[in-house]
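Data block for coords-v1.tsv (TSV, C-alpha atoms):
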chain	number	residue	atom	x	y	z
K	383	MET	CA	22.30	12.49	-7.16
K	384	LEU	CA	22.63	13.38	-3.47
K	385	VAL	CA	20.95	16.72	-4.18
K	386	PHE	CA	17.99	14.84	-5.70
K	387	TYR	CA	17.56	12.76	-2.54
K	388	ILE	CA	17.86	15.79	-0.29
K	389	LEU	CA	15.33	17.75	-2.35
K	390	ALA	CA	13.02	14.75	-2.53
K	391	GLY	CA	13.28	14.31	1.24
K	392	VAL	CA	12.51	17.98	1.88
K	393	ALA	CA	9.56	17.81	-0.53
K	394	LEU	CA	8.25	14.71	1.24
K	395	VAL	CA	8.49	16.37	4.66
K	396	ILE	CA	6.68	19.47	3.39
K	397	ALA	CA	3.99	17.32	1.72
K	398	ALA	CA	3.55	15.32	4.93
K	399	TYR	CA	3.00	18.49	6.98
K	400	VAL	CA	0.57	19.92	4.44
K	401	LEU	CA	-1.34	16.64	4.29
K	402	LYS	CA	-1.34	16.34	8.09
K	403	TYR	CA	-2.83	19.82	8.58
K	404	ALA	CA	-5.24	19.55	5.66
K	405	LEU	CA	-6.42	16.15	6.82
K	406	GLY	CA	-6.69	17.39	10.41
K	407	ALA	CA	-8.79	20.37	9.31
K	408	TRP	CA	-10.99	18.13	7.19
K	409	ILE	CA	-11.53	15.69	10.08
K	410	LYS	CA	-12.45	18.56	12.42
K	411	TYR	CA	-14.87	19.90	9.80
K	412	ARG	CA	-16.33	16.46	9.13
K	413	ASN	CA	-16.77	15.76	12.85
K	414	LYS	CA	-18.50	19.12	13.38
K	415	THR	CA	-20.93	18.58	10.55
K	416	THR	CA	-21.63	14.87	10.72
K	417	PRO	CA	-19.59	11.89	11.78
K	418	PHE	CA	-18.68	9.41	9.05
K	419	PRO	CA	-22.19	8.22	8.30
K	420	ALA	CA	-23.06	4.61	9.00
K	421	SER	CA	-25.36	4.76	5.98
K	422	PHE	CA	-22.31	5.21	3.75
K	423	CYS	CA	-20.73	2.09	5.23
K	424	LYS	CA	-23.90	0.10	4.62
K	425	GLU	CA	-24.18	1.54	1.11
K	426	LEU	CA	-20.59	0.53	0.40
K	427	GLU	CA	-21.21	-3.00	1.73
K	428	SER	CA	-24.10	-3.49	-0.68
K	429	PHE	CA	-22.27	-1.88	-3.61
K	430	HIS	CA	-20.87	-4.46	-6.04
K	431	PRO	CA	-18.92	-2.84	-8.90
K	432	ALA	CA	-19.14	-4.48	-12.31
K	433	THR	CA	-15.44	-3.99	-12.96
K	434	GLU	CA	-12.23	-4.37	-11.03
K	435	LYS	CA	-9.92	-1.38	-11.10
K	436	SER	CA	-6.23	-2.07	-11.65
K	437	PHE	CA	-4.08	-2.03	-8.51
K	438	VAL	CA	-0.31	-2.06	-8.25
K	439	ILE	CA	1.03	-3.04	-4.86
K	440	ILE	CA	4.53	-1.67	-4.37
K	441	VAL	CA	6.61	-3.37	-1.70
K	442	PRO	CA	9.83	-1.54	-0.84
K	443	SER	CA	11.91	-3.97	1.21
K	444	PHE	CA	15.27	-4.05	2.96
K	445	ASN	CA	16.44	-7.00	5.10
K	446	ASN	CA	13.01	-8.55	5.56
K	447	LYS	CA	13.82	-12.25	5.35
K	448	LEU	CA	11.68	-12.83	8.45
K	449	TRP	CA	8.64	-11.11	6.93
K	450	TYR	CA	8.71	-11.50	3.13
K	451	GLN	CA	6.53	-14.64	3.08
K	452	LYS	CA	3.81	-13.26	5.37
K	453	ASN	CA	3.92	-10.03	3.36
K	454	LEU	CA	3.55	-11.72	-0.04
K	455	ASP	CA	1.06	-14.33	1.19
K	456	SER	CA	-1.23	-11.57	2.46
K	457	ILE	CA	-1.13	-9.84	-0.92
K	458	CYS	CA	-1.35	-12.94	-3.13
K	459	LYS	CA	-4.31	-14.34	-1.17
K	460	GLN	CA	-6.51	-11.34	-1.90
K	461	ASN	CA	-10.01	-12.13	-3.19
K	462	TYR	CA	-9.28	-9.94	-6.20
K	463	SER	CA	-7.74	-10.61	-9.57
K	464	ASN	CA	-6.81	-7.30	-11.23
K	465	TYR	CA	-3.56	-6.48	-9.46
K	466	ARG	CA	0.15	-6.85	-9.79
K	467	ILE	CA	3.01	-6.54	-7.35
K	468	ILE	CA	6.30	-4.70	-7.69
K	469	TYR	CA	8.60	-6.07	-4.97
K	470	ILE	CA	11.78	-4.03	-4.60
K	471	ASP	CA	14.65	-5.64	-2.71
K	472	ASP	CA	16.81	-2.66	-1.84
K	473	ALA	CA	20.21	-4.44	-1.77
K	474	SER	CA	19.33	-6.50	1.30
K	475	THR	CA	22.26	-8.13	3.04
K	476	ASP	CA	20.19	-10.91	4.62
K	477	GLY	CA	19.21	-12.74	1.41
K	478	THR	CA	15.68	-11.32	1.13
K	479	GLY	CA	15.99	-10.95	-2.65
K	480	ALA	CA	16.93	-14.60	-3.20
K	481	LEU	CA	14.13	-15.75	-0.88
K	482	VAL	CA	11.55	-13.66	-2.76
K	483	GLU	CA	12.90	-14.95	-6.08
K	484	ALA	CA	12.47	-18.55	-4.85
K	485	TYR	CA	8.98	-17.74	-3.50
K	486	ILE	CA	7.90	-16.45	-6.91
K	487	ALA	CA	9.41	-19.42	-8.78
K	488	GLU	CA	7.94	-22.05	-6.42
K	489	ARG	CA	4.43	-20.64	-6.70
K	490	GLY	CA	4.59	-19.59	-10.34
K	491	TYR	CA	3.28	-16.10	-9.63
K	492	LYS	CA	3.39	-14.11	-12.84
K	493	GLN	CA	1.87	-10.97	-11.33
K	494	ILE	CA	4.99	-10.30	-9.22
K	495	THR	CA	7.87	-8.28	-10.61
K	496	LEU	CA	11.00	-8.50	-8.49
K	497	ILE	CA	13.50	-5.68	-8.69
K	498	LYS	CA	16.83	-6.40	-6.99
K	499	ASN	CA	18.87	-3.26	-6.46
K	500	GLN	CA	22.64	-3.67	-6.51
K	501	ASN	CA	23.01	-0.60	-4.27
K	502	ASN	CA	20.74	0.60	-1.50
K	503	LYS	CA	18.63	3.51	-2.79
K	504	GLY	CA	16.21	4.03	0.08
K	505	ALA	CA	12.44	3.60	0.23
K	506	LEU	CA	11.58	7.02	-1.22
K	507	ALA	CA	13.68	6.56	-4.37
K	508	ASN	CA	12.29	3.04	-4.84
K	509	LEU	CA	8.71	4.26	-4.52
K	510	TYR	CA	9.39	7.16	-6.88
K	511	HIS	CA	10.72	4.90	-9.63
K	512	ALA	CA	8.07	2.20	-9.14
K	513	ILE	CA	5.19	4.69	-9.22
K	514	HIS	CA	6.54	6.19	-12.44
K	515	ALA	CA	6.56	2.70	-13.96
K	516	CYS	CA	2.80	2.36	-13.38
K	517	ASN	CA	0.05	3.11	-15.87
K	518	ASP	CA	-1.93	6.32	-15.43
K	519	ASP	CA	-5.09	4.44	-14.43
K	520	ASP	CA	-3.38	2.12	-11.91
K	521	ILE	CA	-4.19	2.65	-8.26
K	522	VAL	CA	-0.99	2.42	-6.23
K	523	VAL	CA	-0.96	0.70	-2.84
K	524	THR	CA	2.23	0.65	-0.80
K	525	VAL	CA	2.96	-2.09	1.71
K	526	ASP	CA	6.35	-2.09	3.42
K	527	GLY	CA	8.31	-5.33	3.25
K	528	ASP	CA	7.74	-6.06	6.94
K	529	ASP	CA	4.00	-5.33	6.81
K	530	TRP	CA	1.01	-7.29	5.51
K	531	PHE	CA	-2.71	-7.09	4.87
K	532	THR	CA	-4.73	-8.45	7.78
K	533	ARG	CA	-7.68	-9.45	5.58
K	534	ASN	CA	-8.16	-11.10	2.19
K	535	ASP	CA	-10.64	-8.47	0.97
K	536	VAL	CA	-8.53	-5.31	1.22
K	537	LEU	CA	-8.33	-4.80	-2.56
K	538	THR	CA	-12.03	-5.61	-2.96
K	539	LEU	CA	-12.89	-2.92	-0.42
K	540	LEU	CA	-10.55	-0.42	-2.07
K	541	ASN	CA	-12.13	-1.22	-5.44
K	542	LYS	CA	-15.56	-0.42	-3.99
K	543	VAL	CA	-14.31	2.88	-2.56
K	544	TYR	CA	-12.63	4.02	-5.79
K	545	THR	CA	-15.49	2.82	-8.01
K	546	HIS	CA	-18.32	4.14	-5.82
K	547	ASN	CA	-16.98	7.69	-5.79
K	548	PRO	CA	-14.90	8.80	-8.79
K	549	ASN	CA	-13.78	11.88	-6.83
K	550	VAL	CA	-11.72	9.78	-4.41
K	551	TRP	CA	-8.03	10.29	-5.15
K	552	LEU	CA	-6.44	9.19	-1.89
K	553	THR	CA	-7.21	6.66	0.81
K	554	TYR	CA	-5.27	5.75	3.91
K	555	GLY	CA	-5.35	2.81	6.22
K	556	GLN	CA	-4.76	1.82	9.77
K	557	ILE	CA	-1.91	-0.04	11.31
K	558	GLN	CA	-2.00	-2.68	13.96
K	559	ASN	CA	1.06	-2.88	16.17
K	560	TYR	CA	2.09	-6.55	16.04
K	561	PRO	CA	2.10	-8.46	18.36
K	562	ALA	CA	0.68	-5.86	20.81
K	563	ASP	CA	-2.62	-5.78	18.84
K	564	LYS	CA	-3.05	-1.99	19.17
K	565	TRP	CA	-4.60	-0.05	16.26
K	566	PHE	CA	-3.50	3.37	15.01
K	567	CYS	CA	-4.65	5.63	12.20
K	568	CYS	CA	-2.08	6.72	9.68
Here is the file; what I need is its structure written in the form of structure tokens.
Amino acid sequence: MLVFYILAGVALVIAAYVLKYALGAWIKYRNKTTPFPASFCKELESFHPATEKSFVIIVPSFNNKLWYQKNLDSICKQNYSNYRIIYIDDASTDGTGALVEAYIAERGYKQITLIKNQNNKGALANLYHAIHACNDDDIVVTVDGDDWFTRNDVLTLLNKVYTHNPNVWLTYGQIQNYPADKWFCC
């Protein structure tokens, strides 16, 4: 099993470097040809898809009792209906799993599946297993247990992006360093 994690880790590092350089080359190319066109942004704003694509938000979490509620509130308050959440408590020692279980029960959320690991597996293994539990047409969104969406229309915007252009197979977001309020691309 240790060999699997080592190989998975090596594969992830290699994939990250490939993606970093490919994305960097694409950004340089895009910036040389035309900047991200404002017309596309306006076109996307006025685009209203007839259907909602299926999203699965995977939340790998370890010892996030201070953040679980803000995390889940930001996801559950999305102005979007076709999504489900897989929340993975990775053997937290601070009671995160019990708090999330109570959160789900109190609010009656049926779209949240809570997985409580007995042993810590690590974020990569949790993501691997959760992604393989998704349907082929699900769009996977990952949100760490101590992170949250800053807006209620994140899934609506992602639905527009994935519906508007069927060739889109990957999107990425930005992070805001809280509470410093600095933005970074990721």
Which neighbours of K:Ile467 fall inside 10 Å, counting only C-alpha atoms, when residues of the same chain fewer than 5 positions from it are skipped, and could you give them as a PDB file with C-alpha atoms, in the frame of the given file?
ATOM      1  CA  PHE K 437      -4.080  -2.030  -8.510  1.00  0.00           C
ATOM      2  CA  VAL K 438      -0.310  -2.060  -8.250  1.00  0.00           C
ATOM      3  CA  ILE K 439       1.030  -3.040  -4.860  1.00  0.00           C
ATOM      4  CA  ILE K 440       4.530  -1.670  -4.370  1.00  0.00           C
ATOM      5  CA  VAL K 441       6.610  -3.370  -1.700  1.00  0.00           C
ATOM      6  CA  LEU K 454       3.550 -11.720  -0.040  1.00  0.00           C
ATOM      7  CA  ILE K 457      -1.130  -9.840  -0.920  1.00  0.00           C
ATOM      8  CA  CYS K 458      -1.350 -12.940  -3.130  1.00  0.00           C
ATOM      9  CA  TYR K 491       3.280 -16.100  -9.630  1.00  0.00           C
ATOM     10  CA  LYS K 492       3.390 -14.110 -12.840  1.00  0.00           C
ATOM     11  CA  GLN K 493       1.870 -10.970 -11.330  1.00  0.00           C
ATOM     12  CA  ILE K 494       4.990 -10.300  -9.220  1.00  0.00           C
ATOM     13  CA  THR K 495       7.870  -8.280 -10.610  1.00  0.00           C
ATOM     14  CA  LEU K 496      11.000  -8.500  -8.490  1.00  0.00           C
ATOM     15  CA  VAL K 522      -0.990   2.420  -6.230  1.00  0.00           C
ATOM     16  CA  VAL K 523      -0.960   0.700  -2.840  1.00  0.00           C
ATOM     17  CA  THR K 524       2.230   0.650  -0.800  1.00  0.00           C
TER      18      THR K 524
END
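For the set K:Ile513, K:Ile521, K:Ala432, K:Ile497, the residue with the smallest atom-to-atom gap to K:Trp551 is K:Ile521, counting only C-alpha atoms.
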Check your understanding: What gap, in Å, lies between atom CA of K:Leu509 and atom CA of K:Trp449?
Key ->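 Straight-line distance from atom CA of K:Leu509 to atom CA of K:Trp449 works out to 19.2 Å.
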Check your understanding: Need the neighbours of (16.9, -9.2, -2.4): which residues are at most 12 Å away, counting only C-alpha atoms, as a PyMOL selection string?
Key -> chain K and resi 441-447+450+469-485+496-502+527
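One finds atom CA of K:Phe531 at 9.0 Å from atom CA of K:Asp455.
Going from atom CA of K:Ser436 to atom CA of K:Gly504 covers 26.0 Å.
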Limit the output to N, CA and C atoms and give stretch 455-492 of chain K as a short mmCIF file (atom, residue, chain, number, x, y, z; two decimals), in the first residue's frame.
data_model
loop_
_atom_site.label_atom_id
_atom_site.label_comp_id
_atom_site.auth_asym_id
_atom_site.auth_seq_id
_atom_site.Cartn_x
_atom_site.Cartn_y
_atom_site.Cartn_z
N ASP K 455 -21.66 25.59 4.51
CA ASP K 455 -22.63 26.66 4.23
C ASP K 455 -22.39 27.26 2.84
N SER K 456 -21.12 27.50 2.52
CA SER K 456 -20.80 28.12 1.22
C SER K 456 -21.19 27.22 0.05
N ILE K 457 -21.12 25.91 0.26
CA ILE K 457 -21.49 24.98 -0.81
C ILE K 457 -23.01 24.82 -0.87
N CYS K 458 -23.63 24.63 0.29
CA CYS K 458 -25.08 24.36 0.33
C CYS K 458 -25.92 25.57 -0.03
N LYS K 459 -25.35 26.76 0.03
CA LYS K 459 -26.10 27.98 -0.32
C LYS K 459 -25.89 28.40 -1.76
N GLN K 460 -25.40 27.50 -2.59
CA GLN K 460 -25.23 27.81 -4.00
C GLN K 460 -26.60 27.96 -4.67
N ASN K 461 -26.69 28.89 -5.60
CA ASN K 461 -27.91 29.09 -6.39
C ASN K 461 -27.92 28.08 -7.54
N TYR K 462 -27.92 26.82 -7.18
CA TYR K 462 -27.79 25.74 -8.15
C TYR K 462 -28.37 24.50 -7.49
N SER K 463 -28.99 23.63 -8.28
CA SER K 463 -29.63 22.49 -7.63
C SER K 463 -29.02 21.13 -7.99
N ASN K 464 -28.34 21.01 -9.11
CA ASN K 464 -27.86 19.70 -9.55
C ASN K 464 -26.43 19.44 -9.07
N TYR K 465 -26.30 19.23 -7.78
CA TYR K 465 -24.99 18.91 -7.22
C TYR K 465 -25.15 18.03 -5.99
N ARG K 466 -24.06 17.37 -5.67
CA ARG K 466 -24.00 16.62 -4.43
C ARG K 466 -22.61 16.81 -3.84
N ILE K 467 -22.49 16.50 -2.57
CA ILE K 467 -21.24 16.72 -1.85
C ILE K 467 -20.76 15.39 -1.27
N ILE K 468 -19.48 15.12 -1.44
CA ILE K 468 -18.84 14.01 -0.75
C ILE K 468 -17.86 14.63 0.23
N TYR K 469 -18.20 14.58 1.51
CA TYR K 469 -17.35 15.14 2.56
C TYR K 469 -16.58 13.99 3.20
N ILE K 470 -15.26 14.06 3.15
CA ILE K 470 -14.44 12.97 3.67
C ILE K 470 -13.69 13.46 4.91
N ASP K 471 -14.10 12.95 6.06
CA ASP K 471 -13.38 13.22 7.30
C ASP K 471 -12.27 12.19 7.40
N ASP K 472 -11.04 12.65 7.30
CA ASP K 472 -9.89 11.74 7.22
C ASP K 472 -9.34 11.42 8.62
N ALA K 473 -10.19 10.78 9.44
CA ALA K 473 -9.80 10.35 10.80
C ALA K 473 -9.37 11.54 11.65
N SER K 474 -10.15 12.62 11.59
CA SER K 474 -9.84 13.81 12.39
C SER K 474 -9.83 13.46 13.87
N THR K 475 -8.95 14.12 14.59
CA THR K 475 -8.86 13.91 16.04
C THR K 475 -9.55 15.03 16.82
N ASP K 476 -10.10 16.00 16.11
CA ASP K 476 -10.74 17.14 16.79
C ASP K 476 -12.27 17.08 16.75
N GLY K 477 -12.84 15.97 16.29
CA GLY K 477 -14.29 15.82 16.27
C GLY K 477 -14.98 16.37 15.04
N THR K 478 -14.22 16.69 14.00
CA THR K 478 -14.82 17.23 12.77
C THR K 478 -15.91 16.32 12.23
N GLY K 479 -15.65 15.02 12.19
CA GLY K 479 -16.62 14.07 11.63
C GLY K 479 -17.96 14.12 12.34
N ALA K 480 -17.94 14.15 13.66
CA ALA K 480 -19.19 14.21 14.44
C ALA K 480 -19.90 15.54 14.21
N LEU K 481 -19.15 16.62 14.09
CA LEU K 481 -19.75 17.93 13.86
C LEU K 481 -20.42 17.97 12.48
N VAL K 482 -19.77 17.41 11.47
CA VAL K 482 -20.35 17.38 10.13
C VAL K 482 -21.59 16.49 10.12
N GLU K 483 -21.52 15.36 10.82
CA GLU K 483 -22.67 14.46 10.92
C GLU K 483 -23.87 15.18 11.54
N ALA K 484 -23.63 15.95 12.60
CA ALA K 484 -24.71 16.72 13.25
C ALA K 484 -25.23 17.82 12.33
N TYR K 485 -24.33 18.47 11.61
CA TYR K 485 -24.70 19.52 10.65
C TYR K 485 -25.68 18.97 9.61
N ILE K 486 -25.34 17.81 9.06
CA ILE K 486 -26.18 17.18 8.04
C ILE K 486 -27.54 16.81 8.62
N ALA K 487 -27.54 16.22 9.80
CA ALA K 487 -28.79 15.77 10.44
C ALA K 487 -29.69 16.96 10.80
N GLU K 488 -29.11 18.02 11.35
CA GLU K 488 -29.89 19.20 11.75
C GLU K 488 -30.57 19.87 10.56
N ARG K 489 -29.88 19.90 9.44
CA ARG K 489 -30.40 20.60 8.27
C ARG K 489 -31.13 19.68 7.29
N GLY K 490 -31.01 18.39 7.50
CA GLY K 490 -31.70 17.43 6.63
C GLY K 490 -31.17 17.39 5.21
N TYR K 491 -29.88 17.69 5.04
CA TYR K 491 -29.30 17.69 3.70
C TYR K 491 -29.11 16.27 3.20
N LYS K 492 -29.80 15.94 2.14
CA LYS K 492 -29.70 14.60 1.57
C LYS K 492 -28.62 14.52 0.48
#
